[in-house]
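For reference, the structure discussed in these notes is given below.
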4 protein chains.
Amino acid sequence: MPLEPERLAEIERLREESQTTRRVISPGMEARLYSVHDVLDHGFVRVIDYMGNDSSIVQAARVSYGTGTRSVKNDTGLIRYLMRHEHTTPFEMCEVKFHVKLPIFVARQWIRHRTANVNEYSARYSILDREFYVPASEHLAAQSSINSQGRGDTLEGKEAARVLDILKSDSATAYCHYEEMLESGGGKRGLARELARMNLPASVYTQWYWKIDLHNLMHFVHLRADSHAQYEIRAYAEVLCDILANWVPIAFAAFEDYRRHAALLSRPAMDCIRRMLSGERVTQETSGMSPGEWREFQSKLHR
Amino acid sequence: MPLEPERLAEIERLREESQTTRRVISPGMEARLYSVHDVLDHGFVRVIDYMGNDSSIVQAARVSYGTGTRSVKNDTGLIRYLMRHEHTTPFEMCEVKFHVKLPIFVARQWIRHRTANVNEYSARYSILDREFYVPASEHLAAQSSINSQGRGDTLEGKEAARVLDILKSDSATAYCHYEEMLESGGGKRGLARELARMNLPASVYTQWYWKIDLHNLMHFVHLRADSHAQYEIRAYAEVLCDILANWVPIAFAAFEDYRRHAALLSRPAMDCIRRMLSGERVTQETSGMSPGEWREFQSKLHR
Amino acid sequence: MPLEPERLAEIERLREESQTTRRVISPGMEARLYSVHDVLDHGFVRVIDYMGNDSSIVQAARVSYGTGTRSVKNDTGLIRYLMRHEHTTPFEMCEVKFHVKLPIFVARQWIRHRTANVNEYSARYSILDREFYVPASEHLAAQSSINSQGRGDTLEGKEAARVLDILKSDSATAYCHYEEMLESGGGKRGLARELARMNLPASVYTQWYWKIDLHNLMHFVHLRADSHAQYEIRAYAEVLCDILANWVPIAFAAFEDYRRHAALLSRPAMDCIRRMLSGERVTQETSGMSPGEWREFQSKLHR
Amino acid sequence: MPLEPERLAEIERLREESQTTRRVISPGMEARLYSVHDVLDHGFVRVIDYMGNDSSIVQAARVSYGTGTRSVKNDTGLIRYLMRHEHTTPFEMCEVKFHVKLPIFVARQWIRHRTANVNEYSARYSILDREFYVPASEHLAAQSSINSQGRGDTLEGKEAARVLDILKSDSATAYCHYEEMLESGGGKRGLARELARMNLPASVYTQWYWKIDLHNLMHFVHLRADSHAQYEIRAYAEVLCDILANWVPIAFAAFEDYRRHAALLSRPAMDCIRRMLSGERVTQETSGMSPGEWREFQSKLHR
């Protein structure tokens with residue numbers, strides 16, 4: 001339950017109001033505005049505001065290329081052309097603002113994307129809620145034995161129970177102590193909030209407003225909806241993908257074809273493909289690639 | 001006449017359309033959307049899109065400071081508090097997109113502001129219009145004899161006439177030659193557009209879409225509407241000020257009081273003021289300031 | 001003890017080596033290179049590399065202003081002029097890289113400065129050390145009763161003891177559980193590192209390489225060495241100030257006079273000063289300022 | 001001849017001096033420091049300062065990944081791994097500063113790269129030199145008849161002569177008039193420099209200091225040394241490539257394999273390759289690609 005009933009009612013009231021505007025709109029975004037999209041156990045993503053739609057990308061490109069672009073058959077063709085050739089600036093001409101609730105360890109990965117605007121809930125100023133991320137059982141993964149940075153199988157039985165027990169009891173204790181340290185009155189002075197918060201684990205939820213342009217949002221999603229990203233941030237990135245698909249359907253489809261599901265093939269990999277297509281049998285030994293590169297190459301070819 | 005009749009008619013059609021939105025609106029911006037605001041002899045500024053209004057600043061601040069901010073009496077008080085204490089991130093939560101037509105030498109100063117998104121008309125791809133900036137007679141200034149980077153009195157009479165004659169005839173010649181070099185057909189091949197353009201003077205007009213957040217726009221205006229800025233870019237910055245006053249009237253009033261018309265007084269200057277207020281007569285010699293600093297200090301005190 | 005003996009020996013070895021270079025050097029930085037400057041109980045700041053010195057600022061300004069700047073009497077005068085008039089770009093021409101060890105709650109404030117490059121220790125990949133920030137007794141402050149975002153008096157006696165007890169025992173428990181969850185072998189599979197870390201409190205130490213230009217470093221220090229900044233980040237900012245004073249002594253002195261210890265006075269505040277200097281007795285009621293503004297104004301005048 | 005003899009002598013003196021430093025050095029950069037690398041007819045690139053070398057990338061990566069990275073066989077392997085997997089932040093840990101002389105129309109493309117620091121020669125403050133770019137005869141290209149943004153064959157004979165004549169005589173006239181408008185004395189007041197400069201064509205040379213990190217420099221070079229970039233900026237980008245190869249030979253080799261000469265293949269393109277490798281004959285009609293995409297795909301396969 002990420003939001004209290006009174007906040008949900010406020011959101012419903014907001015959604016019932018509407019105004020008249022001369023600006024372009026995106027029907028897919030209008031449908032989503034303010035609504036709560038649940039993520040993980042207590043998190044959410046809400047669209048708070050947006051600027052532009054697919055036509056804004058076209059419009060910005062046409063100011064660059066002038067009347068010449070009229071010759072491109074249609075807007076879809078132009079957007080796909082821009083995406084394919086990494087002409088990124090027209091995609092910067094759309095903007096979106098989200099309200100996100102997320103665990104601090106996810107927030108710490110997220111904030112590494114510098115080309116965005118952020119206003120975070122201040123735990124110097126205010127008191128954090130008693131909400132901690134505890135993974136669902138299917139996400140309670142063991143350390144991968146192959147990949148130092150990845151997850152292996154799911155923990156089960158007693159092992160899983162012990163981990164959940166630790167996570168729940170340590171966060172409960174930490175929050176009790178947080179409250180105790182803050183408590184004042186009757187002669188007792190509370191510890192400064194800016195100090196007390198440091199006792200809370202990185203699984204505690206924070207929230208922020210996050211504003212970013214479309215190009216940089218697609219770059220974020222490219223990295224964070226990727227299978228190598230940590231599951232917990234990927235859960236957010238996947239919701240952002242759904243929102244992108246509704247906001248700018250043409251640009252998002254182009255992004256899926258030319259970026260998200262595209263493959264960057266190195267110079268040696270392209271050489272191998274050319275040799276293979278001309279009938280040569282290429283092995284790792286004759287490929288000019290290291291064993292690791294060759295494995296990645298084979299996986300791009302679905303072999 | 002910066003725009004042809006057919007483009008003006010298109011703008012009028014755009015302004016007549018309206019949509020329904022759940023987003024917040026700014027009435028002052030709705031009134032301005034798409035309209036042409038003339039600047040210099042052939043330039044203009046048009047608002048193409050915007051996101052947010054004064055309430056968006058408040059909303060972002062309240063996510064940071066939590067319920068604590070409810071105690072600030074009202075939104076105006078909060079916005080003024082944020083501006084006064086250089087809490088700049090809530091002002092980044094509004095965004096605006098302009099269509100600007102401007103001479104290249106102005107564009108070269110403008111682009112130095114890096115925190116913005118730009119799509120410029122491409123002279124590799126398209127042909128530039130025959131439009132050159134020629135100063136109105138009251139802006140035809142002599143080099144300042146005091147300030148290496150400034151203007152002195154206005155040129156007059158034969159001196160002014162000679163300058164205007166040079167500017168007009170050189171740009172006319174350059175444009176004729178530009179067209180001649182580009183011309184193709186009947187066996188003649190035209191020079192590549194990306195080369196031909198380099199013969200045009202920096203007074204030729206270009207255009208771009210420019211998107212920026214409110215905080216950075218106020219910073220731009222602070223530097224470029226300043227009396228030390230070159231008149232030609234100041235003319236644009238002043239139009240941007242008018243637009244700001246309509247878009248976010250509360251934030252703009254705070255900006256005027258706490259930034260634009262505020263004074264940054266150095267440590268020695270503050271020392272002098274304290275001494276002066278306690279009755280001491282302070283001169284440049286006893287001030288600890290260089291003659292230049294003292295002059296600037298006196299001017300801040302309107303002496 | 002922030003670093004093990006073998007790391008300290010490695011640093012000493014590094015400091016003994018030297019090379020020949022054609023680049024400009026800063027003697028103050030050469031003396032500091034690689035050394036550990038302790039901050040808080042387990043943190044540190046180390047200078048890893050730097051580029052440029054005071055002369056680099058002058059050199060960049062002279063490329064902008066051409067031979068004209070030769071007329072400024074000397075380099076010190078030019079640097080002070082640039083700082084006074086907010087000509088910030090020449091200060092961007094110096095760069096510095098630090099190795100910093102700091103608690104996560106400090107890192108979360110620090111990273112909000114976006115114009116910098118960062119490589120942080122990855123707790124997805126590696127195991128965090130058993131090091132937690134515990135405030136020294138003189139920094140164990142109560143919540144301020146006036147300022148929602150500040151500290152009041154120091155806690156003492158039983159109150160202080162109880163807080164220290166909580167901070168120490170909760171972090172010890174969390175670290176034991178962190179190790180237990182990670183432990184594998186003998187049939188037991190460890191929890192993924194990227195999950196286990198979320199049980200650690202925000203007082204745990206992390207470390208990063210942080211690279212920034214001189215202008216943005218001075219801006220960081222301006223905000224974070226300020227009396228309103230949280231003590232724990234201020235402790236780092238003050239070490240950065242000492243380093244700045246050694247690296248670019250002329251620029252740093254100018255920064256102290258014209259930025260760090262300067263005062264930004266609003267339009268109404270400047271009006272009041274002018275009235276006061278002309279002999280008028282101005283009170284809050286006649287000042288045009290709110291009570292809060294008036295209080296801040298009086299404090300700038302040391303009244 | 002981009003520099004006068006006295007400036008060249010000053011550079012030689014600079015190159016003869018050397019200091020002792022504890023910082024890491026790059027022998028390839030030391031050899032190049034301050035020297036003039038000619039570009040186009042009057043332009044140049046000079047390395048003014050640098051920070052870091054290949055080992056700095058490794059060092060930054062090891063702070064992120066901790067001891068785990070020790071297992072990667074050697075530094076070369078680690079740098080190649082980072083490049084291949086787009087782990088870009090360690091490459092931001094090196095920095096370089098250039099002095100560049102370049103025509104204004106090239107400067108206008110160059111400045112679009114926002115993640116850099118710039119100090120440009122100010123034509124408000126100082127007087128521009130009488131130096132204009134005039135293409136060598138082999139670069140005097142016709143407009144491409146296929147690509148709206150490209151060049152076709154070289155102009156020859158009378159056509160070439162006419163273009164060269166226009167470029168030379170218009171710039172000569174413009175410069176004469178620039179000097180005439182600026183001229184003062186004997187009762188005549190000169191036009192303000194900030195106005196007079198706008199009569200000069202975009203082929204006039206300017207100069208700047210430009211500072212950028214290694215990651216962003218490689219991105220710049222990726223776009224600007226590309227065959228689709230305008231020849232005149234490519235000429236600079238190619239000199240930057242030579243410098244990169246000397247500065248960070250391992251990183252640059254990785255960049256060449258995994259970025260510069262790599263190919264980004266879309267989802268449909270990868271599908272086609274898999275089908276082709278399994279023996280299917282795929283044509284544009286059965287490829288799921290547009291004719292334009294298919295053409296680009298064939299060219300990536302060197303067909």
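Identifiers in the structure tokens: chain A, B, ... in order shown; residue index from 1 per chain; ligand index from 1 in order shown.
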- Task: Any chance you could list, as a PyMOL selection string, the residues in stretch 27-189 of chain D that come up helix (DSSP H, G or I) when DSSP is run on the backbone?
- Result: chain D and resi 27-32+54-71+75-84+89-93+104-110+137-139+157-182
Could you make a table, as CSV, of the residues of chain B that have an atom within 7 Å of an atom of chain A, each with its nearest atom pair and distance in Å to one decimal, counting only C-alpha atoms, in chain and number order?
residue,atom,partner,partner_atom,distance
B:Arg15,CA,A:Arg22,CA,6.5
B:Glu17,CA,A:Arg22,CA,6.4
B:Ser18,CA,A:Arg22,CA,4.6
B:Gln19,CA,A:Thr21,CA,5.3
B:Thr20,CA,A:Thr20,CA,4.6
B:Thr21,CA,A:Gln19,CA,5.3
B:Arg22,CA,A:Ser18,CA,4.6
B:Arg23,CA,A:Asp49,CA,6.1
B:Glu30,CA,A:Arg22,CA,6.3
B:Asp49,CA,A:Arg23,CA,6.1
B:Tyr50,CA,A:Met51,CA,6.6
B:Met51,CA,A:Met51,CA,5.9
B:Ala60,CA,A:Asn119,CA,6.2
B:Val63,CA,A:Tyr121,CA,5.3
B:Ser64,CA,A:Tyr121,CA,3.8
B:Tyr65,CA,A:Ser122,CA,5.5
B:Gly66,CA,A:Ser126,CA,5.8
B:Gly68,CA,A:Ser126,CA,6.8
B:Thr89,CA,A:Asn119,CA,6.4
B:Pro90,CA,A:Asn119,CA,6.6
B:Glu92,CA,A:Asn117,CA,6.3
B:Met93,CA,A:Lys211,CA,6.7
B:Asn117,CA,A:Glu92,CA,6.3
B:Val118,CA,A:Thr89,CA,6.9
B:Asn119,CA,A:Ser64,CA,5.8
B:Glu120,CA,A:Ser64,CA,4.9
B:Tyr121,CA,A:Ser64,CA,3.8
B:Ser122,CA,A:Ser64,CA,5.0
B:Tyr125,CA,A:Tyr65,CA,5.8
B:Ser126,CA,A:Gly66,CA,5.8
B:Trp208,CA,A:Val63,CA,6.6
B:Tyr209,CA,A:Ala60,CA,6.6
B:Lys211,CA,A:Met93,CA,6.7
Save out the residues we just selected, N, CA and C atoms, as a CSV table (one decimal), in the first residue's frame.
chain,number,residue,atom,x,y,z
B,15,ARG,N,-3.3,28.7,-33.1
B,15,ARG,CA,-3.8,29.4,-31.9
B,15,ARG,C,-5.3,29.2,-31.7
B,17,GLU,N,-6.9,26.5,-32.3
B,17,GLU,CA,-7.2,25.1,-31.8
B,17,GLU,C,-6.9,25.0,-30.3
B,18,SER,N,-7.7,24.2,-29.7
B,18,SER,CA,-7.4,24.0,-28.3
B,18,SER,C,-7.8,22.5,-27.9
B,19,GLN,N,-7.1,22.0,-26.9
B,19,GLN,CA,-7.3,20.7,-26.4
B,19,GLN,C,-7.6,20.7,-24.9
B,20,THR,N,-8.1,19.6,-24.4
B,20,THR,CA,-8.3,19.4,-23.0
B,20,THR,C,-7.2,18.7,-22.4
B,21,THR,N,-6.7,19.2,-21.2
B,21,THR,CA,-5.6,18.5,-20.6
B,21,THR,C,-5.8,18.4,-19.1
B,22,ARG,N,-5.2,17.4,-18.5
B,22,ARG,CA,-5.2,17.3,-17.0
B,22,ARG,C,-4.0,18.0,-16.4
B,23,ARG,N,-3.1,18.5,-17.2
B,23,ARG,CA,-1.9,19.2,-16.7
B,23,ARG,C,-2.2,20.6,-16.2
B,30,GLU,N,-0.5,30.6,-22.1
B,30,GLU,CA,-1.5,30.2,-23.1
B,30,GLU,C,-1.8,31.3,-24.0
B,49,ASP,N,6.1,25.7,-26.5
B,49,ASP,CA,5.5,24.7,-25.5
B,49,ASP,C,6.0,25.1,-24.1
B,50,TYR,N,5.4,24.7,-23.1
B,50,TYR,CA,5.8,24.9,-21.7
B,50,TYR,C,5.3,23.8,-20.8
B,51,MET,N,5.9,23.7,-19.6
B,51,MET,CA,5.5,22.7,-18.7
B,51,MET,C,5.6,23.3,-17.3
B,60,ALA,N,7.2,20.8,-6.0
B,60,ALA,CA,8.5,20.2,-5.9
B,60,ALA,C,9.2,20.4,-4.6
B,63,VAL,N,7.7,18.2,-1.9
B,63,VAL,CA,8.2,16.8,-1.9
B,63,VAL,C,9.5,16.8,-1.2
B,64,SER,N,10.3,17.8,-1.2
B,64,SER,CA,11.6,17.8,-0.6
B,64,SER,C,11.5,18.0,0.9
B,65,TYR,N,10.7,19.0,1.3
B,65,TYR,CA,10.7,19.3,2.7
B,65,TYR,C,9.5,18.7,3.5
B,66,GLY,N,8.7,18.0,2.7
B,66,GLY,CA,7.6,17.2,3.4
B,66,GLY,C,6.6,18.2,4.0
B,68,GLY,N,6.5,19.7,6.6
B,68,GLY,CA,7.1,20.9,7.3
B,68,GLY,C,6.8,22.2,6.5
B,89,THR,N,16.8,23.9,-7.1
B,89,THR,CA,16.3,22.7,-7.8
B,89,THR,C,14.8,22.8,-8.0
B,90,PRO,N,13.9,23.4,-7.1
B,90,PRO,CA,12.5,23.4,-7.5
B,90,PRO,C,12.2,24.2,-8.7
B,92,GLU,N,14.0,24.2,-11.3
B,92,GLU,CA,14.3,23.4,-12.5
B,92,GLU,C,13.1,22.5,-12.9
B,93,MET,N,12.0,22.5,-12.1
B,93,MET,CA,10.9,21.6,-12.4
B,93,MET,C,9.9,22.2,-13.4
B,117,ASN,N,18.6,22.6,-24.5
B,117,ASN,CA,18.5,21.7,-25.7
B,117,ASN,C,18.2,22.6,-26.9
B,118,VAL,N,18.9,22.2,-28.0
B,118,VAL,CA,18.9,23.1,-29.2
B,118,VAL,C,18.7,22.3,-30.5
B,119,ASN,N,17.9,22.7,-31.3
B,119,ASN,CA,17.8,22.3,-32.7
B,119,ASN,C,17.9,23.5,-33.6
B,120,GLU,N,19.0,23.6,-34.3
B,120,GLU,CA,19.2,24.8,-35.2
B,120,GLU,C,19.0,24.4,-36.6
B,121,TYR,N,18.5,25.4,-37.4
B,121,TYR,CA,18.4,25.3,-38.8
B,121,TYR,C,19.7,24.9,-39.4
B,122,SER,N,19.8,23.9,-40.3
B,122,SER,CA,21.0,23.5,-40.8
B,122,SER,C,21.3,24.1,-42.2
B,125,TYR,N,22.1,21.6,-45.0
B,125,TYR,CA,21.0,20.9,-45.5
B,125,TYR,C,20.1,21.9,-46.3
B,126,SER,N,19.9,23.1,-45.8
B,126,SER,CA,19.0,24.0,-46.4
B,126,SER,C,19.7,25.3,-46.7
B,208,TRP,N,16.4,28.7,-34.4
B,208,TRP,CA,16.4,27.4,-33.7
B,208,TRP,C,15.3,27.2,-32.7
B,209,TYR,N,15.1,26.0,-32.3
B,209,TYR,CA,14.2,25.6,-31.2
B,209,TYR,C,15.2,25.5,-30.0
B,211,LYS,N,15.2,24.9,-25.8
B,211,LYS,CA,14.4,24.4,-24.6
B,211,LYS,C,15.2,24.4,-23.4
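Those residues that approach C:Cys176 to within 10 Å, counting only C-alpha atoms, are Arg130, Asp170, Leu182 and Leu200 of chain C; same-chain residues fewer than 6 positions away are not listed.
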- Query: Just how far from atom CA of A:Met289 is atom CA of A:Gly152, in Å to one decimal?
  - Reply: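 A separation of 26.9 Å between them.
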- Neighbour list for D:Asp41 as a list in words, cut-off 10 Å, only C-alpha atoms, skip fewer than 4 positions in-chain: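 Once the adjacent positions are removed, what remains is Met1, Pro2, Leu102, Pro103, Glu131, Phe132, Tyr133, Val134, Pro135 and Ala136 of chain D.
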Next, dump the selected residues to file, keeping only N, CA and C atoms, as an mmCIF file, in the first residue's frame.
data_model
loop_
_atom_site.group_PDB
_atom_site.id
_atom_site.type_symbol
_atom_site.label_atom_id
_atom_site.label_comp_id
_atom_site.auth_asym_id
_atom_site.auth_seq_id
_atom_site.Cartn_x
_atom_site.Cartn_y
_atom_site.Cartn_z
ATOM 1 N N MET D 1 50.595 29.635 -42.620
ATOM 2 C CA MET D 1 51.385 30.048 -41.461
ATOM 3 C C MET D 1 50.485 30.498 -40.321
ATOM 4 N N PRO D 2 50.114 29.569 -39.475
ATOM 5 C CA PRO D 2 49.134 29.922 -38.445
ATOM 6 C C PRO D 2 49.683 30.773 -37.314
ATOM 7 N N LEU D 102 40.358 27.838 -35.526
ATOM 8 C CA LEU D 102 39.397 27.207 -36.443
ATOM 9 C C LEU D 102 38.443 28.234 -37.021
ATOM 10 N N PRO D 103 37.915 27.998 -38.244
ATOM 11 C CA PRO D 103 36.964 28.946 -38.827
ATOM 12 C C PRO D 103 35.658 28.945 -38.024
ATOM 13 N N GLU D 131 42.434 36.413 -41.332
ATOM 14 C CA GLU D 131 42.660 35.031 -41.756
ATOM 15 C C GLU D 131 41.325 34.374 -42.047
ATOM 16 N N PHE D 132 41.192 33.871 -43.268
ATOM 17 C CA PHE D 132 39.933 33.280 -43.712
ATOM 18 C C PHE D 132 40.221 31.916 -44.323
ATOM 19 N N TYR D 133 39.324 30.996 -44.101
ATOM 20 C CA TYR D 133 39.481 29.676 -44.705
ATOM 21 C C TYR D 133 39.110 29.729 -46.183
ATOM 22 N N VAL D 134 40.037 29.281 -47.015
ATOM 23 C CA VAL D 134 39.749 29.088 -48.437
ATOM 24 C C VAL D 134 40.125 27.644 -48.759
ATOM 25 N N PRO D 135 39.157 26.844 -49.216
ATOM 26 C CA PRO D 135 39.422 25.417 -49.413
ATOM 27 C C PRO D 135 40.546 25.187 -50.417
ATOM 28 N N ALA D 136 41.355 24.177 -50.162
ATOM 29 C CA ALA D 136 42.297 23.698 -51.166
ATOM 30 C C ALA D 136 41.477 23.155 -52.323
#
- A:Glu179 environment, 12 Å, only C-alpha atoms, sequence neighbours closer than 5 positions dropped, as a list in words: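 The contact residues come out as Ile127, Leu128, Asp129, Arg130, Ala172, Thr173, Ala174, Ser184, Gly190, Leu191, Ala192, Arg193, Ala196, Arg197, Asn199 and Leu200 of chain A; Val163 and Ile166 of chain C.
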- Query: Separation of atom CA of A:Ile79 and atom CA of D:Glu293, in Å?
  - Reply: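 Atom-to-atom, atom CA of A:Ile79 to atom CA of D:Glu293, that is 13.4 Å.
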- Message: Residues within 12 Å of D:Gly288, please, as a PyMOL selection string. Count only C-alpha atoms; anything in the same chain fewer than 2 positions from it doesn't count.
- Response: (chain A and resi 257) or (chain D and resi 266-272+282-286+290-294+297)
